[in-house]
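Scroll down for the structure; my scribbles are underneath it.
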Amino acid sequence: MTPLLPVGSGRKIAYGIAFFIVFVGVWAIATFGGFVSRVFLADPVTMLREGYLLFAEHGFAKDVAVTIWRVFGGFILAALLAVPLGIAMGAYKPIEAFFEPFVSFARYLPASAFIPLLILWAGIGEMQKLLVIFIGTFFQIVLMVAVTVGATRRDLVEAAYTLGANSLGIVRRVLLPSSAPAIAETLRLVLGWAWTYVIVAELIGASSGISHMITDSQALLNTGQIIFGIIVIGIIGLVSDFLFKWMNLRIFPWYAS
Amino acid sequence: MSKLKIDQVGRIFKGVRGGPPTEALQPITLSVADNDFITILGPSGCGKSTLLRIVAGLDVPTTGGVMLDGSPVVGPGADRGMVFQSYTLFPWLNIHQNVCFGLREKGVPESEQNVTAGRWLEKVGLTGFARHYPKMLSGGMQQRTAIARALANDPKILLLDEPFGALDNQTRSLMQELLLSIWESERKTVLFVTHDIEEAIFMANRVVVMSARPGSIKAEVAVPLPHPRHYTVKTTPEFSQIKARLTEEIRVEALKVVTSA
């Protein structure tokens, strides 16, 4: 192996799959070999069977759909408000000076700690779940977008000025297009975090969703179902991440990755 | 009547963390006539870029002021086109869109934009690259686009801040010839900053030599070489004579920088 030497795309995929195989292999040896008690860890085959039963008999598809809706609902709501605010803060320093200290403070407030309050305010309905995701992602997006926009190359801004752009032109035709790929990348990252928050939101006061199923399975000591639920979340995350990357590549062909 | 008047322009930068302020430019006075090609030659750190940025309106002088066609410069504007040393094409726009940037900002109709951009891309030999993104182009091609982008805007004066500084020697001489041929056919007013003596002589009607920091005008040397200039002019005795003189002037200044450091 040579440092930093790229690996061919075919081999790259093969290596990536290889680790999944190793992972499942170790898991199978640990469980089928009797090294770990079945009570604590189901084997891969049981997990798949439990997964099939979940979809076939327990209407798990609805739980998955509900969870996806909560993640994207809360995330899109946060993004719709946070991206414009972040852009305004990055572009205009007085606006940044006004909001930045509070947003930096609010960013450290753990979204999960708000759950009791949110239940009090919004009940245990969908609104409460969306709000948890919203609180967990909104402040992060604002700050990351503001930093991105603020870091726009100064020489590009100056070049635009010497070409006759005014303040609004600088924002619309330099700051926005130059920051757009990094903003999309920020959204991709934060969407990953939204998945963490939805799990916490559903663990408390929920009657549907993937994590609600996981909590139920815990009471029944059904580790197969728990692991299957976790893996489903992982797969959804992987797919949405992949779609996001693919979309960014399509929308921003000029952007060197 | 002279087109650009730099009148007692001085620039002092505030000290960093309570340190003493830095005087980058001593008050400088300089006139540039209509359609003239002036190069500003100086050792690095002499404030020549600062002077150009003040003319562009990207920096504000501490003393004095700049007048263009009788009106004072108060900020950057489309009447002063600029080509930077760094590659400043907008990476999200293709070459054609880059050249159209200023025209679009002015509200020129799209069909007219296309004609102008096409004309300028042809002049800099990049017609076949109109749909390429900047990152697909070499440094020399990017700077050619930057020149086309600045000139498509039809500025009153073209400011160039070591535009070929990052290019290799061969590309650099080709670019000099290209810019000079454009100037010979279009007769724009040009202010060109460089630290390369040969470049300064080859391009200019008049070379303004700046002293080491704090920058001031040390000498003004006329270049009476006839136009159109061919690159072979660089090997003529007249050229060598001017070069010898400027080399001496600049060497003294460069030495000052080295010994004061």
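So you can find residues: chains in the structure tokens are A, B, ... in the order shown, residues in each start at 1, and ligands are numbered from 1 in order.
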>> Set the distance at 9 Å and use only C-alpha atoms: which residues neighbour region 207-224 of chain B once local chain neighbours fewer than 4 positions away are removed? I'd like the list as a PyMOL selection string.
In response: chain B and resi 10+22-30+37-48+200-202+238-239+242+246+249-250+252-257
Compute the set of chain B residues within 10 Å of chain A, using only C-alpha atoms, and express it as a PDB file with N, CA and C atoms, in the first residue's frame.
```pdb
ATOM      1  N   ARG B  53      -5.217  48.622  -5.901  1.00  0.00           N
ATOM      2  CA  ARG B  53      -6.486  48.336  -5.223  1.00  0.00           C
ATOM      3  C   ARG B  53      -7.209  49.628  -4.851  1.00  0.00           C
ATOM      4  N   ALA B  56      -8.825  50.776  -7.904  1.00  0.00           N
ATOM      5  CA  ALA B  56     -10.003  49.944  -8.179  1.00  0.00           C
ATOM      6  C   ALA B  56     -11.151  50.254  -7.232  1.00  0.00           C
ATOM      7  N   GLY B  57     -10.836  50.906  -6.102  1.00  0.00           N
ATOM      8  CA  GLY B  57     -11.868  51.193  -5.110  1.00  0.00           C
ATOM      9  C   GLY B  57     -12.034  50.064  -4.109  1.00  0.00           C
ATOM     10  N   LEU B  58     -11.127  49.094  -4.124  1.00  0.00           N
ATOM     11  CA  LEU B  58     -11.214  47.968  -3.197  1.00  0.00           C
ATOM     12  C   LEU B  58     -10.517  48.288  -1.881  1.00  0.00           C
ATOM     13  N   GLY B  75     -15.521  53.911  -4.640  1.00  0.00           N
ATOM     14  CA  GLY B  75     -15.699  52.477  -4.395  1.00  0.00           C
ATOM     15  C   GLY B  75     -15.474  51.731  -5.682  1.00  0.00           C
ATOM     16  N   PRO B  76     -15.559  50.413  -5.623  1.00  0.00           N
ATOM     17  CA  PRO B  76     -15.348  49.659  -6.857  1.00  0.00           C
ATOM     18  C   PRO B  76     -16.484  49.878  -7.842  1.00  0.00           C
ATOM     19  N   GLY B  77     -16.200  49.772  -9.124  1.00  0.00           N
ATOM     20  CA  GLY B  77     -17.236  49.967 -10.132  1.00  0.00           C
ATOM     21  C   GLY B  77     -16.824  49.388 -11.467  1.00  0.00           C
ATOM     22  N   ALA B  78     -17.816  49.259 -12.327  1.00  0.00           N
ATOM     23  CA  ALA B  78     -17.604  48.610 -13.621  1.00  0.00           C
ATOM     24  C   ALA B  78     -16.725  49.443 -14.555  1.00  0.00           C
ATOM     25  N   ASP B  79     -16.503  50.722 -14.213  1.00  0.00           N
ATOM     26  CA  ASP B  79     -15.676  51.549 -15.101  1.00  0.00           C
ATOM     27  C   ASP B  79     -14.187  51.260 -14.931  1.00  0.00           C
ATOM     28  N   ARG B  80     -13.839  50.479 -13.887  1.00  0.00           N
ATOM     29  CA  ARG B  80     -12.440  50.100 -13.688  1.00  0.00           C
ATOM     30  C   ARG B  80     -12.353  48.575 -13.625  1.00  0.00           C
ATOM     31  N   GLY B  81     -12.062  47.968 -14.752  1.00  0.00           N
ATOM     32  CA  GLY B  81     -11.953  46.506 -14.798  1.00  0.00           C
ATOM     33  C   GLY B  81     -10.654  46.056 -14.162  1.00  0.00           C
ATOM     34  N   MET B  82     -10.687  44.881 -13.550  1.00  0.00           N
ATOM     35  CA  MET B  82      -9.469  44.425 -12.873  1.00  0.00           C
ATOM     36  C   MET B  82      -9.200  42.951 -13.152  1.00  0.00           C
ATOM     37  N   VAL B  83      -7.918  42.651 -13.340  1.00  0.00           N
ATOM     38  CA  VAL B  83      -7.489  41.253 -13.457  1.00  0.00           C
ATOM     39  C   VAL B  83      -6.541  41.000 -12.293  1.00  0.00           C
ATOM     40  N   PHE B  84      -6.832  39.967 -11.515  1.00  0.00           N
ATOM     41  CA  PHE B  84      -6.072  39.693 -10.305  1.00  0.00           C
ATOM     42  C   PHE B  84      -4.969  38.670 -10.560  1.00  0.00           C
ATOM     43  N   GLN B  85      -4.041  38.616  -9.623  1.00  0.00           N
ATOM     44  CA  GLN B  85      -2.989  37.609  -9.757  1.00  0.00           C
ATOM     45  C   GLN B  85      -3.547  36.208  -9.517  1.00  0.00           C
ATOM     46  N   SER B  86      -4.419  36.093  -8.505  1.00  0.00           N
ATOM     47  CA  SER B  86      -5.026  34.787  -8.233  1.00  0.00           C
ATOM     48  C   SER B  86      -6.110  34.528  -9.281  1.00  0.00           C
ATOM     49  N   TYR B  87      -6.457  33.269  -9.456  1.00  0.00           N
ATOM     50  CA  TYR B  87      -7.470  32.929 -10.440  1.00  0.00           C
ATOM     51  C   TYR B  87      -8.839  33.239  -9.859  1.00  0.00           C
ATOM     52  N   THR B  88      -9.498  34.246 -10.419  1.00  0.00           N
ATOM     53  CA  THR B  88     -10.759  34.684  -9.819  1.00  0.00           C
ATOM     54  C   THR B  88     -11.959  34.448 -10.719  1.00  0.00           C
ATOM     55  N   LEU B  89     -11.860  33.489 -11.634  1.00  0.00           N
ATOM     56  CA  LEU B  89     -13.066  33.143 -12.392  1.00  0.00           C
ATOM     57  C   LEU B  89     -14.048  32.510 -11.413  1.00  0.00           C
ATOM     58  N   PHE B  90     -15.348  32.706 -11.656  1.00  0.00           N
ATOM     59  CA  PHE B  90     -16.354  32.106 -10.783  1.00  0.00           C
ATOM     60  C   PHE B  90     -16.470  30.625 -11.141  1.00  0.00           C
ATOM     61  N   PRO B  91     -16.107  29.741 -10.215  1.00  0.00           N
ATOM     62  CA  PRO B  91     -16.011  28.319 -10.578  1.00  0.00           C
ATOM     63  C   PRO B  91     -17.351  27.693 -10.954  1.00  0.00           C
ATOM     64  N   TRP B  92     -18.480  28.301 -10.533  1.00  0.00           N
ATOM     65  CA  TRP B  92     -19.792  27.707 -10.827  1.00  0.00           C
ATOM     66  C   TRP B  92     -20.332  28.163 -12.182  1.00  0.00           C
ATOM     67  N   LEU B  93     -19.640  29.097 -12.815  1.00  0.00           N
ATOM     68  CA  LEU B  93     -20.078  29.563 -14.131  1.00  0.00           C
ATOM     69  C   LEU B  93     -19.108  29.044 -15.184  1.00  0.00           C
ATOM     70  N   ASN B  94     -19.618  28.713 -16.358  1.00  0.00           N
ATOM     71  CA  ASN B  94     -18.697  28.309 -17.412  1.00  0.00           C
ATOM     72  C   ASN B  94     -18.025  29.560 -17.990  1.00  0.00           C
ATOM     73  N   VAL B  99     -17.566  35.483 -18.697  1.00  0.00           N
ATOM     74  CA  VAL B  99     -17.321  36.689 -19.486  1.00  0.00           C
ATOM     75  C   VAL B  99     -18.569  37.581 -19.489  1.00  0.00           C
ATOM     76  N   CYS B 100     -19.742  36.957 -19.367  1.00  0.00           N
ATOM     77  CA  CYS B 100     -21.000  37.716 -19.383  1.00  0.00           C
ATOM     78  C   CYS B 100     -21.339  38.351 -18.033  1.00  0.00           C
ATOM     79  N   PHE B 101     -20.583  37.994 -16.973  1.00  0.00           N
ATOM     80  CA  PHE B 101     -20.983  38.376 -15.606  1.00  0.00           C
ATOM     81  C   PHE B 101     -21.299  39.873 -15.474  1.00  0.00           C
ATOM     82  N   GLY B 102     -20.349  40.713 -15.920  1.00  0.00           N
ATOM     83  CA  GLY B 102     -20.530  42.151 -15.766  1.00  0.00           C
ATOM     84  C   GLY B 102     -21.657  42.684 -16.644  1.00  0.00           C
ATOM     85  N   LEU B 103     -21.779  42.104 -17.843  1.00  0.00           N
ATOM     86  CA  LEU B 103     -22.825  42.557 -18.771  1.00  0.00           C
ATOM     87  C   LEU B 103     -24.200  42.264 -18.183  1.00  0.00           C
ATOM     88  N   ARG B 104     -24.321  41.075 -17.576  1.00  0.00           N
ATOM     89  CA  ARG B 104     -25.593  40.695 -16.969  1.00  0.00           C
ATOM     90  C   ARG B 104     -25.919  41.629 -15.809  1.00  0.00           C
ATOM     91  N   GLU B 105     -24.884  41.981 -15.063  1.00  0.00           N
ATOM     92  CA  GLU B 105     -25.074  42.877 -13.920  1.00  0.00           C
ATOM     93  C   GLU B 105     -25.565  44.248 -14.397  1.00  0.00           C
ATOM     94  N   LYS B 106     -25.110  44.641 -15.601  1.00  0.00           N
ATOM     95  CA  LYS B 106     -25.529  45.926 -16.167  1.00  0.00           C
ATOM     96  C   LYS B 106     -26.924  45.858 -16.773  1.00  0.00           C
ATOM     97  N   HIS B 132     -16.848  25.230 -21.109  1.00  0.00           N
ATOM     98  CA  HIS B 132     -16.034  24.571 -20.087  1.00  0.00           C
ATOM     99  C   HIS B 132     -16.128  25.320 -18.768  1.00  0.00           C
ATOM    100  N   TYR B 133     -15.959  24.590 -17.674  1.00  0.00           N
ATOM    101  CA  TYR B 133     -15.851  25.236 -16.371  1.00  0.00           C
ATOM    102  C   TYR B 133     -14.391  25.614 -16.117  1.00  0.00           C
ATOM    103  N   PRO B 134     -14.164  26.683 -15.313  1.00  0.00           N
ATOM    104  CA  PRO B 134     -12.792  27.159 -15.092  1.00  0.00           C
ATOM    105  C   PRO B 134     -11.815  26.063 -14.658  1.00  0.00           C
ATOM    106  N   LYS B 135     -12.281  25.136 -13.803  1.00  0.00           N
ATOM    107  CA  LYS B 135     -11.326  24.149 -13.282  1.00  0.00           C
ATOM    108  C   LYS B 135     -10.794  23.224 -14.376  1.00  0.00           C
ATOM    109  N   MET B 136     -11.463  23.211 -15.548  1.00  0.00           N
ATOM    110  CA  MET B 136     -10.989  22.368 -16.649  1.00  0.00           C
ATOM    111  C   MET B 136      -9.904  23.065 -17.451  1.00  0.00           C
ATOM    112  N   ALA B 146     -10.063  35.812 -17.735  1.00  0.00           N
ATOM    113  CA  ALA B 146     -10.224  36.942 -16.805  1.00  0.00           C
ATOM    114  C   ALA B 146     -10.038  38.269 -17.542  1.00  0.00           C
ATOM    115  N   ARG B 149     -13.129  38.796 -19.576  1.00  0.00           N
ATOM    116  CA  ARG B 149     -14.241  39.158 -18.695  1.00  0.00           C
ATOM    117  C   ARG B 149     -14.174  40.639 -18.320  1.00  0.00           C
ATOM    118  N   ALA B 150     -12.948  41.108 -18.028  1.00  0.00           N
ATOM    119  CA  ALA B 150     -12.800  42.516 -17.648  1.00  0.00           C
ATOM    120  C   ALA B 150     -13.066  43.430 -18.840  1.00  0.00           C
ATOM    121  N   LEU B 151     -12.575  43.042 -20.017  1.00  0.00           N
ATOM    122  CA  LEU B 151     -12.701  43.919 -21.181  1.00  0.00           C
ATOM    123  C   LEU B 151     -14.101  43.885 -21.793  1.00  0.00           C
ATOM    124  N   ALA B 152     -14.801  42.768 -21.656  1.00  0.00           N
ATOM    125  CA  ALA B 152     -16.162  42.664 -22.198  1.00  0.00           C
ATOM    126  C   ALA B 152     -17.056  43.725 -21.568  1.00  0.00           C
ATOM    127  N   ASN B 153     -16.681  44.134 -20.353  1.00  0.00           N
ATOM    128  CA  ASN B 153     -17.458  45.134 -19.610  1.00  0.00           C
ATOM    129  C   ASN B 153     -17.203  46.547 -20.138  1.00  0.00           C
ATOM    130  N   ASP B 154     -16.259  46.666 -21.077  1.00  0.00           N
ATOM    131  CA  ASP B 154     -15.859  47.941 -21.656  1.00  0.00           C
ATOM    132  C   ASP B 154     -15.530  48.987 -20.595  1.00  0.00           C
ATOM    133  N   PRO B 155     -14.542  48.704 -19.725  1.00  0.00           N
ATOM    134  CA  PRO B 155     -14.186  49.667 -18.676  1.00  0.00           C
ATOM    135  C   PRO B 155     -13.414  50.847 -19.259  1.00  0.00           C
ATOM    136  N   LEU B 159      -7.131  47.519 -15.004  1.00  0.00           N
ATOM    137  CA  LEU B 159      -6.121  47.394 -13.959  1.00  0.00           C
ATOM    138  C   LEU B 159      -5.674  45.939 -13.885  1.00  0.00           C
TER     139      LEU B 159
END
```
> What are the DSSP helix (DSSP H, G or I) residues of region 27-125 of chain B, as number ranges by chain?
Replying inline: B: 48-56, 95-106, 110-123
Would you mind exporting the chosen residues as a short mmCIF file (atom, residue, chain, number, x, y, z; two decimals), in the first residue's frame, restricted to C-alpha atoms?
```cif
data_model
loop_
_atom_site.label_atom_id
_atom_site.label_comp_id
_atom_site.auth_asym_id
_atom_site.auth_seq_id
_atom_site.Cartn_x
_atom_site.Cartn_y
_atom_site.Cartn_z
CA LYS B 48 2.19 48.64 -5.73
CA SER B 49 -0.77 46.29 -5.33
CA THR B 50 -2.18 48.54 -2.62
CA LEU B 51 -2.01 51.46 -5.02
CA LEU B 52 -3.84 49.48 -7.70
CA ARG B 53 -6.49 48.34 -5.22
CA ILE B 54 -7.06 51.95 -4.22
CA VAL B 55 -7.58 52.87 -7.88
CA ALA B 56 -10.00 49.94 -8.18
CA ILE B 95 -16.25 30.40 -19.42
CA HIS B 96 -18.98 32.08 -21.46
CA GLN B 97 -21.06 32.91 -18.37
CA ASN B 98 -17.96 34.26 -16.64
CA VAL B 99 -17.32 36.69 -19.49
CA CYS B 100 -21.00 37.72 -19.38
CA PHE B 101 -20.98 38.38 -15.61
CA GLY B 102 -20.53 42.15 -15.77
CA LEU B 103 -22.83 42.56 -18.77
CA ARG B 104 -25.59 40.69 -16.97
CA GLU B 105 -25.07 42.88 -13.92
CA LYS B 106 -25.53 45.93 -16.17
CA GLU B 110 -28.88 38.34 -23.45
CA SER B 111 -28.43 38.29 -27.22
CA GLU B 112 -26.10 41.26 -26.97
CA GLN B 113 -24.23 39.58 -24.09
CA ASN B 114 -23.64 36.54 -26.27
CA VAL B 115 -22.27 38.61 -29.14
CA THR B 116 -19.88 40.54 -26.89
CA ALA B 117 -18.72 37.45 -25.02
CA GLY B 118 -18.21 35.60 -28.29
CA ARG B 119 -16.14 38.44 -29.67
CA TRP B 120 -13.89 38.59 -26.61
CA LEU B 121 -13.47 34.85 -26.32
CA GLU B 122 -12.36 34.87 -29.94
CA LYS B 123 -9.83 37.59 -29.23
#
```
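Residue nearest Val26 (chain A), chosen from A:Glu96, A:Pro44, A:Ser179, A:Gln140 and counting only C-alpha atoms: A:Pro44.
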>> Between CA of Leu187 (chain A) and CA of Phe138 (chain A), what distance in Å does the model show, to one decimal?
In response: 10.4 Å
